[in-house]
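*Asks:* What follows is the file run10.txt, containing compact mmCIF, N, CA and C atoms:
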# COMPACT_ATOMS: atom_id res chain seq x y z
N MET A 1 17.18 25.22 10.00
CA MET A 1 16.21 24.26 9.55
C MET A 1 15.75 24.69 8.16
N SER A 2 15.87 23.76 7.21
CA SER A 2 15.49 24.10 5.84
C SER A 2 14.04 23.75 5.58
N ASP A 3 13.45 24.46 4.63
CA ASP A 3 12.07 24.21 4.26
C ASP A 3 12.00 23.82 2.79
N ILE A 4 11.03 23.04 2.44
CA ILE A 4 10.79 22.63 1.06
C ILE A 4 9.51 23.29 0.60
N ILE A 5 9.54 23.86 -0.60
CA ILE A 5 8.32 24.46 -1.14
C ILE A 5 7.61 23.39 -1.95
N ASP A 6 6.37 23.13 -1.62
CA ASP A 6 5.60 22.06 -2.25
C ASP A 6 4.20 22.58 -2.56
N ASN A 7 3.89 22.72 -3.85
CA ASN A 7 2.57 23.21 -4.28
C ASN A 7 2.22 24.55 -3.64
N GLY A 8 3.17 25.43 -3.54
CA GLY A 8 2.90 26.76 -3.02
C GLY A 8 2.91 26.85 -1.50
N SER A 9 2.92 25.74 -0.80
CA SER A 9 2.94 25.80 0.66
C SER A 9 4.33 25.37 1.15
N VAL A 10 4.69 25.86 2.29
CA VAL A 10 5.99 25.54 2.85
C VAL A 10 5.83 24.33 3.78
N VAL A 11 6.61 23.31 3.48
CA VAL A 11 6.55 22.08 4.27
C VAL A 11 7.89 21.90 4.96
N ASN A 12 7.87 21.68 6.23
CA ASN A 12 9.06 21.49 7.01
C ASN A 12 9.82 20.26 6.52
N ALA A 13 11.14 20.39 6.33
CA ALA A 13 11.96 19.28 5.83
C ALA A 13 11.94 18.10 6.79
N GLU A 14 11.89 18.37 8.08
CA GLU A 14 11.83 17.27 9.05
C GLU A 14 10.54 16.48 8.90
N ARG A 15 9.45 17.20 8.70
CA ARG A 15 8.16 16.54 8.50
C ARG A 15 8.19 15.70 7.23
N ASP A 16 8.79 16.24 6.18
CA ASP A 16 8.91 15.53 4.92
C ASP A 16 9.71 14.23 5.11
N ASP A 17 10.83 14.32 5.80
CA ASP A 17 11.65 13.13 6.06
C ASP A 17 10.90 12.12 6.93
N SER A 18 10.19 12.61 7.92
CA SER A 18 9.42 11.74 8.80
C SER A 18 8.33 10.99 8.01
N LEU A 19 7.62 11.72 7.16
CA LEU A 19 6.59 11.09 6.35
C LEU A 19 7.18 10.10 5.35
N ARG A 20 8.35 10.40 4.81
CA ARG A 20 9.02 9.45 3.90
C ARG A 20 9.41 8.19 4.66
N THR A 21 9.89 8.34 5.88
CA THR A 21 10.25 7.16 6.69
C THR A 21 9.01 6.31 6.95
N ILE A 22 7.91 6.96 7.30
CA ILE A 22 6.66 6.23 7.52
C ILE A 22 6.24 5.54 6.23
N GLY A 23 6.39 6.24 5.11
CA GLY A 23 6.07 5.65 3.82
C GLY A 23 6.90 4.41 3.53
N HIS A 24 8.20 4.48 3.80
CA HIS A 24 9.08 3.33 3.58
C HIS A 24 8.66 2.15 4.48
N ILE A 25 8.34 2.44 5.72
CA ILE A 25 7.91 1.38 6.64
C ILE A 25 6.61 0.75 6.13
N SER A 26 5.68 1.59 5.73
CA SER A 26 4.39 1.08 5.24
C SER A 26 4.58 0.25 3.97
N TYR A 27 5.37 0.76 3.02
CA TYR A 27 5.62 -0.01 1.80
C TYR A 27 6.33 -1.33 2.11
N ALA A 28 7.25 -1.32 3.07
CA ALA A 28 7.94 -2.56 3.45
C ALA A 28 6.94 -3.58 4.00
N LEU A 29 6.04 -3.14 4.87
CA LEU A 29 5.02 -4.05 5.40
C LEU A 29 4.11 -4.56 4.28
N HIS A 30 3.72 -3.67 3.38
CA HIS A 30 2.90 -4.09 2.24
C HIS A 30 3.65 -5.10 1.38
N ALA A 31 4.95 -4.87 1.16
CA ALA A 31 5.75 -5.78 0.33
C ALA A 31 5.85 -7.16 0.96
N ILE A 32 6.06 -7.21 2.26
CA ILE A 32 6.12 -8.51 2.95
C ILE A 32 4.81 -9.24 2.76
N VAL A 33 3.71 -8.54 2.93
CA VAL A 33 2.39 -9.14 2.76
C VAL A 33 2.22 -9.64 1.34
N ALA A 34 2.61 -8.82 0.36
CA ALA A 34 2.43 -9.19 -1.05
C ALA A 34 3.29 -10.39 -1.42
N ILE A 35 4.52 -10.43 -0.93
CA ILE A 35 5.41 -11.55 -1.25
C ILE A 35 4.89 -12.84 -0.62
N VAL A 36 4.43 -12.76 0.62
CA VAL A 36 3.84 -13.93 1.27
C VAL A 36 2.60 -14.38 0.50
N ALA A 37 1.79 -13.42 0.08
CA ALA A 37 0.55 -13.74 -0.64
C ALA A 37 0.83 -14.38 -1.99
N VAL A 38 1.82 -13.88 -2.70
CA VAL A 38 2.14 -14.45 -4.01
C VAL A 38 2.78 -15.83 -3.84
N GLY A 39 3.67 -15.96 -2.86
CA GLY A 39 4.39 -17.22 -2.66
C GLY A 39 3.51 -18.34 -2.17
N ALA A 40 2.61 -18.04 -1.29
CA ALA A 40 1.72 -19.05 -0.73
C ALA A 40 0.41 -18.38 -0.39
N VAL A 41 -0.55 -18.51 -1.28
CA VAL A 41 -1.78 -17.74 -1.16
C VAL A 41 -2.49 -17.99 0.17
N LEU A 42 -2.64 -19.21 0.58
CA LEU A 42 -3.34 -19.47 1.84
C LEU A 42 -2.41 -19.66 3.03
N PRO A 43 -1.34 -20.46 2.94
CA PRO A 43 -0.48 -20.61 4.12
C PRO A 43 0.15 -19.28 4.52
N GLY A 44 0.19 -19.00 5.78
CA GLY A 44 0.79 -17.77 6.27
C GLY A 44 -0.13 -16.58 6.22
N VAL A 45 -1.40 -16.79 5.95
CA VAL A 45 -2.35 -15.69 5.82
C VAL A 45 -2.47 -14.90 7.12
N GLN A 46 -2.48 -15.58 8.24
CA GLN A 46 -2.71 -14.89 9.51
C GLN A 46 -1.64 -13.83 9.77
N ALA A 47 -0.39 -14.16 9.55
CA ALA A 47 0.69 -13.19 9.79
C ALA A 47 0.61 -12.04 8.80
N SER A 48 0.31 -12.35 7.55
CA SER A 48 0.28 -11.28 6.55
C SER A 48 -0.91 -10.34 6.77
N VAL A 49 -2.03 -10.87 7.22
CA VAL A 49 -3.19 -10.02 7.51
C VAL A 49 -2.86 -9.07 8.65
N LEU A 50 -2.18 -9.55 9.67
CA LEU A 50 -1.80 -8.69 10.79
C LEU A 50 -0.86 -7.57 10.33
N LEU A 51 0.13 -7.91 9.53
CA LEU A 51 1.05 -6.88 9.01
C LEU A 51 0.31 -5.88 8.14
N LEU A 52 -0.62 -6.36 7.34
CA LEU A 52 -1.39 -5.47 6.49
C LEU A 52 -2.25 -4.52 7.31
N LEU A 53 -2.86 -5.04 8.37
CA LEU A 53 -3.66 -4.18 9.25
C LEU A 53 -2.80 -3.12 9.95
N ILE A 54 -1.59 -3.50 10.32
CA ILE A 54 -0.67 -2.54 10.94
C ILE A 54 -0.32 -1.44 9.94
N ALA A 55 0.03 -1.82 8.71
CA ALA A 55 0.38 -0.84 7.68
C ALA A 55 -0.82 0.04 7.34
N PHE A 56 -1.99 -0.56 7.22
CA PHE A 56 -3.20 0.18 6.90
C PHE A 56 -3.53 1.19 8.00
N THR A 57 -3.43 0.77 9.25
CA THR A 57 -3.68 1.65 10.39
C THR A 57 -2.68 2.80 10.41
N LEU A 58 -1.41 2.48 10.18
CA LEU A 58 -0.36 3.50 10.13
C LEU A 58 -0.68 4.54 9.05
N ASP A 59 -1.10 4.06 7.89
CA ASP A 59 -1.45 4.98 6.80
C ASP A 59 -2.66 5.84 7.14
N MET A 60 -3.65 5.25 7.74
CA MET A 60 -4.86 6.00 8.10
C MET A 60 -4.56 7.07 9.16
N VAL A 61 -3.73 6.73 10.14
CA VAL A 61 -3.42 7.65 11.23
C VAL A 61 -2.54 8.81 10.75
N LYS A 62 -1.58 8.52 9.89
CA LYS A 62 -0.62 9.54 9.46
C LYS A 62 -1.02 10.29 8.19
N ARG A 63 -2.10 9.87 7.57
CA ARG A 63 -2.52 10.48 6.31
C ARG A 63 -2.74 11.99 6.43
N ASP A 64 -3.37 12.44 7.48
CA ASP A 64 -3.64 13.87 7.65
C ASP A 64 -2.35 14.69 7.75
N ASP A 65 -1.29 14.09 8.26
CA ASP A 65 0.00 14.80 8.34
C ASP A 65 0.55 15.12 6.96
N ALA A 66 0.17 14.34 5.96
CA ALA A 66 0.71 14.52 4.61
C ALA A 66 -0.18 15.37 3.72
N ARG A 67 -1.34 15.79 4.23
CA ARG A 67 -2.27 16.59 3.41
C ARG A 67 -1.57 17.80 2.81
N GLY A 68 -1.79 17.99 1.52
CA GLY A 68 -1.22 19.14 0.84
C GLY A 68 0.20 18.94 0.33
N SER A 69 0.81 17.81 0.62
CA SER A 69 2.16 17.55 0.14
C SER A 69 2.11 16.47 -0.94
N TRP A 70 3.22 16.27 -1.61
CA TRP A 70 3.30 15.24 -2.65
C TRP A 70 3.11 13.85 -2.06
N GLN A 71 3.36 13.70 -0.76
CA GLN A 71 3.24 12.39 -0.13
C GLN A 71 1.80 11.99 0.15
N ASP A 72 0.89 12.94 0.11
CA ASP A 72 -0.52 12.63 0.30
C ASP A 72 -0.98 11.57 -0.71
N SER A 73 -0.49 11.67 -1.94
CA SER A 73 -0.88 10.71 -2.97
C SER A 73 -0.41 9.30 -2.63
N HIS A 74 0.71 9.17 -1.94
CA HIS A 74 1.21 7.85 -1.55
C HIS A 74 0.32 7.22 -0.48
N PHE A 75 -0.12 8.02 0.46
CA PHE A 75 -1.03 7.48 1.48
C PHE A 75 -2.31 7.00 0.82
N SER A 76 -2.85 7.81 -0.09
CA SER A 76 -4.07 7.42 -0.79
C SER A 76 -3.83 6.17 -1.64
N TRP A 77 -2.68 6.10 -2.29
CA TRP A 77 -2.33 4.95 -3.14
C TRP A 77 -2.30 3.66 -2.32
N ARG A 78 -1.65 3.71 -1.16
CA ARG A 78 -1.56 2.50 -0.31
C ARG A 78 -2.92 2.13 0.25
N ILE A 79 -3.68 3.10 0.69
CA ILE A 79 -5.01 2.82 1.25
C ILE A 79 -5.92 2.23 0.18
N ARG A 80 -5.92 2.83 -1.00
CA ARG A 80 -6.74 2.29 -2.10
C ARG A 80 -6.30 0.89 -2.49
N SER A 81 -4.99 0.64 -2.49
CA SER A 81 -4.48 -0.70 -2.83
C SER A 81 -5.03 -1.75 -1.87
N VAL A 82 -4.98 -1.45 -0.59
CA VAL A 82 -5.47 -2.39 0.42
C VAL A 82 -6.98 -2.60 0.28
N LEU A 83 -7.72 -1.51 0.12
CA LEU A 83 -9.17 -1.63 0.03
C LEU A 83 -9.60 -2.41 -1.21
N TRP A 84 -8.98 -2.11 -2.36
CA TRP A 84 -9.33 -2.83 -3.58
C TRP A 84 -8.93 -4.30 -3.49
N ALA A 85 -7.73 -4.58 -2.98
CA ALA A 85 -7.30 -5.98 -2.85
C ALA A 85 -8.24 -6.73 -1.91
N GLY A 86 -8.58 -6.11 -0.79
CA GLY A 86 -9.50 -6.75 0.14
C GLY A 86 -10.85 -7.05 -0.50
N LEU A 87 -11.38 -6.08 -1.24
CA LEU A 87 -12.65 -6.27 -1.93
C LEU A 87 -12.55 -7.40 -2.95
N LEU A 88 -11.47 -7.41 -3.72
CA LEU A 88 -11.30 -8.46 -4.73
C LEU A 88 -11.14 -9.83 -4.09
N TYR A 89 -10.43 -9.92 -2.98
CA TYR A 89 -10.31 -11.21 -2.27
C TYR A 89 -11.69 -11.69 -1.80
N VAL A 90 -12.45 -10.78 -1.23
CA VAL A 90 -13.78 -11.15 -0.72
C VAL A 90 -14.70 -11.59 -1.87
N VAL A 91 -14.67 -10.85 -2.96
CA VAL A 91 -15.54 -11.18 -4.10
C VAL A 91 -15.18 -12.55 -4.70
N THR A 92 -13.91 -12.92 -4.64
CA THR A 92 -13.49 -14.20 -5.24
C THR A 92 -13.51 -15.37 -4.26
N ILE A 93 -13.95 -15.16 -3.04
CA ILE A 93 -14.06 -16.28 -2.08
C ILE A 93 -14.93 -17.41 -2.63
N PRO A 94 -16.07 -17.12 -3.29
CA PRO A 94 -16.88 -18.22 -3.82
C PRO A 94 -16.12 -19.14 -4.79
N LEU A 95 -15.12 -18.59 -5.49
CA LEU A 95 -14.33 -19.45 -6.37
C LEU A 95 -13.59 -20.52 -5.58
N TRP A 96 -13.15 -20.17 -4.38
CA TRP A 96 -12.48 -21.15 -3.52
C TRP A 96 -13.47 -22.22 -3.07
N LEU A 97 -14.66 -21.79 -2.77
CA LEU A 97 -15.65 -22.73 -2.25
C LEU A 97 -16.18 -23.66 -3.35
N LEU A 98 -16.28 -23.15 -4.57
CA LEU A 98 -16.84 -23.94 -5.66
C LEU A 98 -15.76 -24.67 -6.47
N PHE A 99 -14.69 -23.97 -6.75
CA PHE A 99 -13.64 -24.53 -7.60
C PHE A 99 -12.29 -24.11 -7.04
N LEU A 100 -11.51 -25.06 -6.61
CA LEU A 100 -10.23 -24.74 -5.95
C LEU A 100 -9.25 -24.04 -6.89
N ILE A 101 -9.05 -24.58 -8.06
CA ILE A 101 -8.04 -24.03 -8.97
C ILE A 101 -8.39 -22.61 -9.43
N PRO A 102 -9.61 -22.31 -9.88
CA PRO A 102 -9.91 -20.92 -10.26
C PRO A 102 -9.77 -19.95 -9.08
N GLY A 103 -10.11 -20.38 -7.88
CA GLY A 103 -9.93 -19.52 -6.70
C GLY A 103 -8.47 -19.22 -6.46
N TRP A 104 -7.64 -20.24 -6.58
CA TRP A 104 -6.20 -20.06 -6.40
C TRP A 104 -5.65 -19.11 -7.46
N ILE A 105 -6.05 -19.32 -8.71
CA ILE A 105 -5.57 -18.46 -9.81
C ILE A 105 -6.00 -17.01 -9.58
N ALA A 106 -7.25 -16.81 -9.20
CA ALA A 106 -7.75 -15.44 -8.95
C ALA A 106 -6.94 -14.78 -7.85
N TRP A 107 -6.66 -15.49 -6.76
CA TRP A 107 -5.93 -14.89 -5.65
C TRP A 107 -4.48 -14.63 -6.00
N VAL A 108 -3.89 -15.47 -6.83
CA VAL A 108 -2.52 -15.20 -7.27
C VAL A 108 -2.49 -13.94 -8.12
N ILE A 109 -3.47 -13.79 -9.02
CA ILE A 109 -3.53 -12.58 -9.86
C ILE A 109 -3.71 -11.33 -9.00
N ILE A 110 -4.60 -11.40 -8.02
CA ILE A 110 -4.81 -10.25 -7.13
C ILE A 110 -3.53 -9.94 -6.36
N SER A 111 -2.85 -10.97 -5.88
CA SER A 111 -1.61 -10.78 -5.12
C SER A 111 -0.51 -10.17 -5.97
N VAL A 112 -0.39 -10.62 -7.22
CA VAL A 112 0.62 -10.05 -8.13
C VAL A 112 0.29 -8.58 -8.41
N TRP A 113 -0.99 -8.28 -8.63
CA TRP A 113 -1.42 -6.89 -8.85
C TRP A 113 -1.07 -6.03 -7.63
N PHE A 114 -1.31 -6.56 -6.43
CA PHE A 114 -1.01 -5.84 -5.20
C PHE A 114 0.50 -5.60 -5.10
N LEU A 115 1.29 -6.62 -5.39
CA LEU A 115 2.75 -6.49 -5.36
C LEU A 115 3.21 -5.43 -6.36
N TYR A 116 2.63 -5.41 -7.54
CA TYR A 116 2.95 -4.39 -8.55
C TYR A 116 2.70 -2.99 -7.99
N ARG A 117 1.55 -2.80 -7.36
CA ARG A 117 1.22 -1.48 -6.81
C ARG A 117 2.19 -1.08 -5.69
N VAL A 118 2.61 -2.03 -4.89
CA VAL A 118 3.57 -1.75 -3.82
C VAL A 118 4.91 -1.34 -4.42
N VAL A 119 5.40 -2.10 -5.38
CA VAL A 119 6.70 -1.79 -5.99
C VAL A 119 6.65 -0.45 -6.71
N ARG A 120 5.60 -0.23 -7.49
CA ARG A 120 5.47 1.04 -8.22
C ARG A 120 5.44 2.23 -7.26
N GLY A 121 4.67 2.11 -6.19
CA GLY A 121 4.58 3.19 -5.22
C GLY A 121 5.89 3.42 -4.48
N TRP A 122 6.54 2.34 -4.09
CA TRP A 122 7.78 2.45 -3.33
C TRP A 122 8.87 3.10 -4.18
N LEU A 123 8.94 2.73 -5.46
CA LEU A 123 9.93 3.36 -6.34
C LEU A 123 9.65 4.85 -6.50
N ALA A 124 8.40 5.21 -6.65
CA ALA A 124 8.05 6.63 -6.76
C ALA A 124 8.37 7.38 -5.47
N LEU A 125 8.12 6.77 -4.32
CA LEU A 125 8.45 7.41 -3.04
C LEU A 125 9.95 7.64 -2.94
N SER A 126 10.73 6.65 -3.35
CA SER A 126 12.19 6.79 -3.31
C SER A 126 12.68 7.92 -4.21
N ASP A 127 11.97 8.13 -5.31
CA ASP A 127 12.33 9.22 -6.24
C ASP A 127 11.65 10.54 -5.89
N ARG A 128 10.91 10.55 -4.79
CA ARG A 128 10.17 11.74 -4.34
C ARG A 128 9.15 12.21 -5.38
N LYS A 129 8.48 11.26 -6.00
CA LYS A 129 7.46 11.57 -7.00
C LYS A 129 6.09 11.19 -6.45
N PRO A 130 5.08 12.00 -6.74
CA PRO A 130 3.71 11.65 -6.29
C PRO A 130 3.13 10.52 -7.14
N MET A 131 2.13 9.87 -6.59
CA MET A 131 1.42 8.83 -7.32
C MET A 131 0.23 9.46 -8.04
N PRO A 132 -0.22 8.81 -9.14
CA PRO A 132 -1.40 9.36 -9.83
C PRO A 132 -2.62 9.29 -8.94
N VAL A 133 -3.43 10.33 -9.02
CA VAL A 133 -4.64 10.40 -8.20
C VAL A 133 -5.85 10.29 -9.13
N PRO A 134 -6.77 9.35 -8.86
CA PRO A 134 -7.95 9.23 -9.74
C PRO A 134 -8.82 10.49 -9.67
N GLN A 135 -9.42 10.80 -10.77
CA GLN A 135 -10.26 12.00 -10.83
C GLN A 135 -11.68 11.68 -10.43
Can you give me the file's structure in the form of structure tokens?
*Replies:*
Amino acid sequence: MSDIIDNGSVVNAERDDSLRTIGHISYALHAIVAIVAVGAVLPGVQASVLLLLIAFTLDMVKRDDARGSWQDSHFSWRIRSVLWAGLLYVVTIPLWLLFLIPGWIAWVIISVWFLYRVVRGWLALSDRKPMPVPQ
């Protein structure tokens, strides 16, 4: 069994592969949600919210397993992406109630931003690179 040295600590290669698989699954669920959101902001919301909750729960449950490894930044990246997108959607709800077109535009922008974060994170995960962590 081989080991990978990561930030001075020894991380089991099997654990690393397992966390990468979880990361790929989570990014795939996030991507499906983002594509549905960009393609049709309101139609299909129920299915995409369920997938997002599954991915978010998976990230929250498995995050501690990645502590201290380069993959920890990916869990934080995905969790922050979901929380920020959710907050932005909630804040822009009044635009839907008052003005349909500005609400739609705001949600498309948020969805495109979310898709960007998913793609950027997934590419970095595939290259085994950590995501930037806010200070």
*Asks:* Taking (-0.5, 10.3, -3.4) in the file's coordinates as the center, which residues reach within 8 Å of it, counting all atoms listed in the file, put as an NGL selection string?
*Replies:* :A and (69-78 or 129-133)
*Asks:* May I have all residues of chain A that DSSP, computed from the backbone, assigns to alpha helix (DSSP H), given as an NGL selection string?
*Replies:* :A and (13-39 or 45-62 or 72-91 or 93-98 or 100-126)
*Asks:* Could you please give me, as a VMD selection string, the residues of protein, DNA or RNA lying at most 9 Å from (3.7, -7.7, 4.1) in the coordinate frame of the file, considering only C-alpha atoms?
*Replies:* chain A and resid 26 to 37 47 to 52 55
*Asks:* With distances taken over only C-alpha atoms, which of A:Ile109, A:Leu115, A:Met60, A:Ile25 is nearest to Thr92 in chain A?
*Replies:*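 Residue with the minimum atom-to-atom distance to Thr92 in chain A: A:Ile109.
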*Asks:* So what do you get for CA of Leu97 in chain A versus CA of Val82 in chain A, distance-wise?
*Replies:*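 Computing it gives 22.9 Å between the two atoms.
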*Asks:* CA of Pro134 in chain A to CA of Val90 in chain A: how many Å, to one decimal?
*Replies:*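 Computing it gives 23.0 Å between the two atoms.
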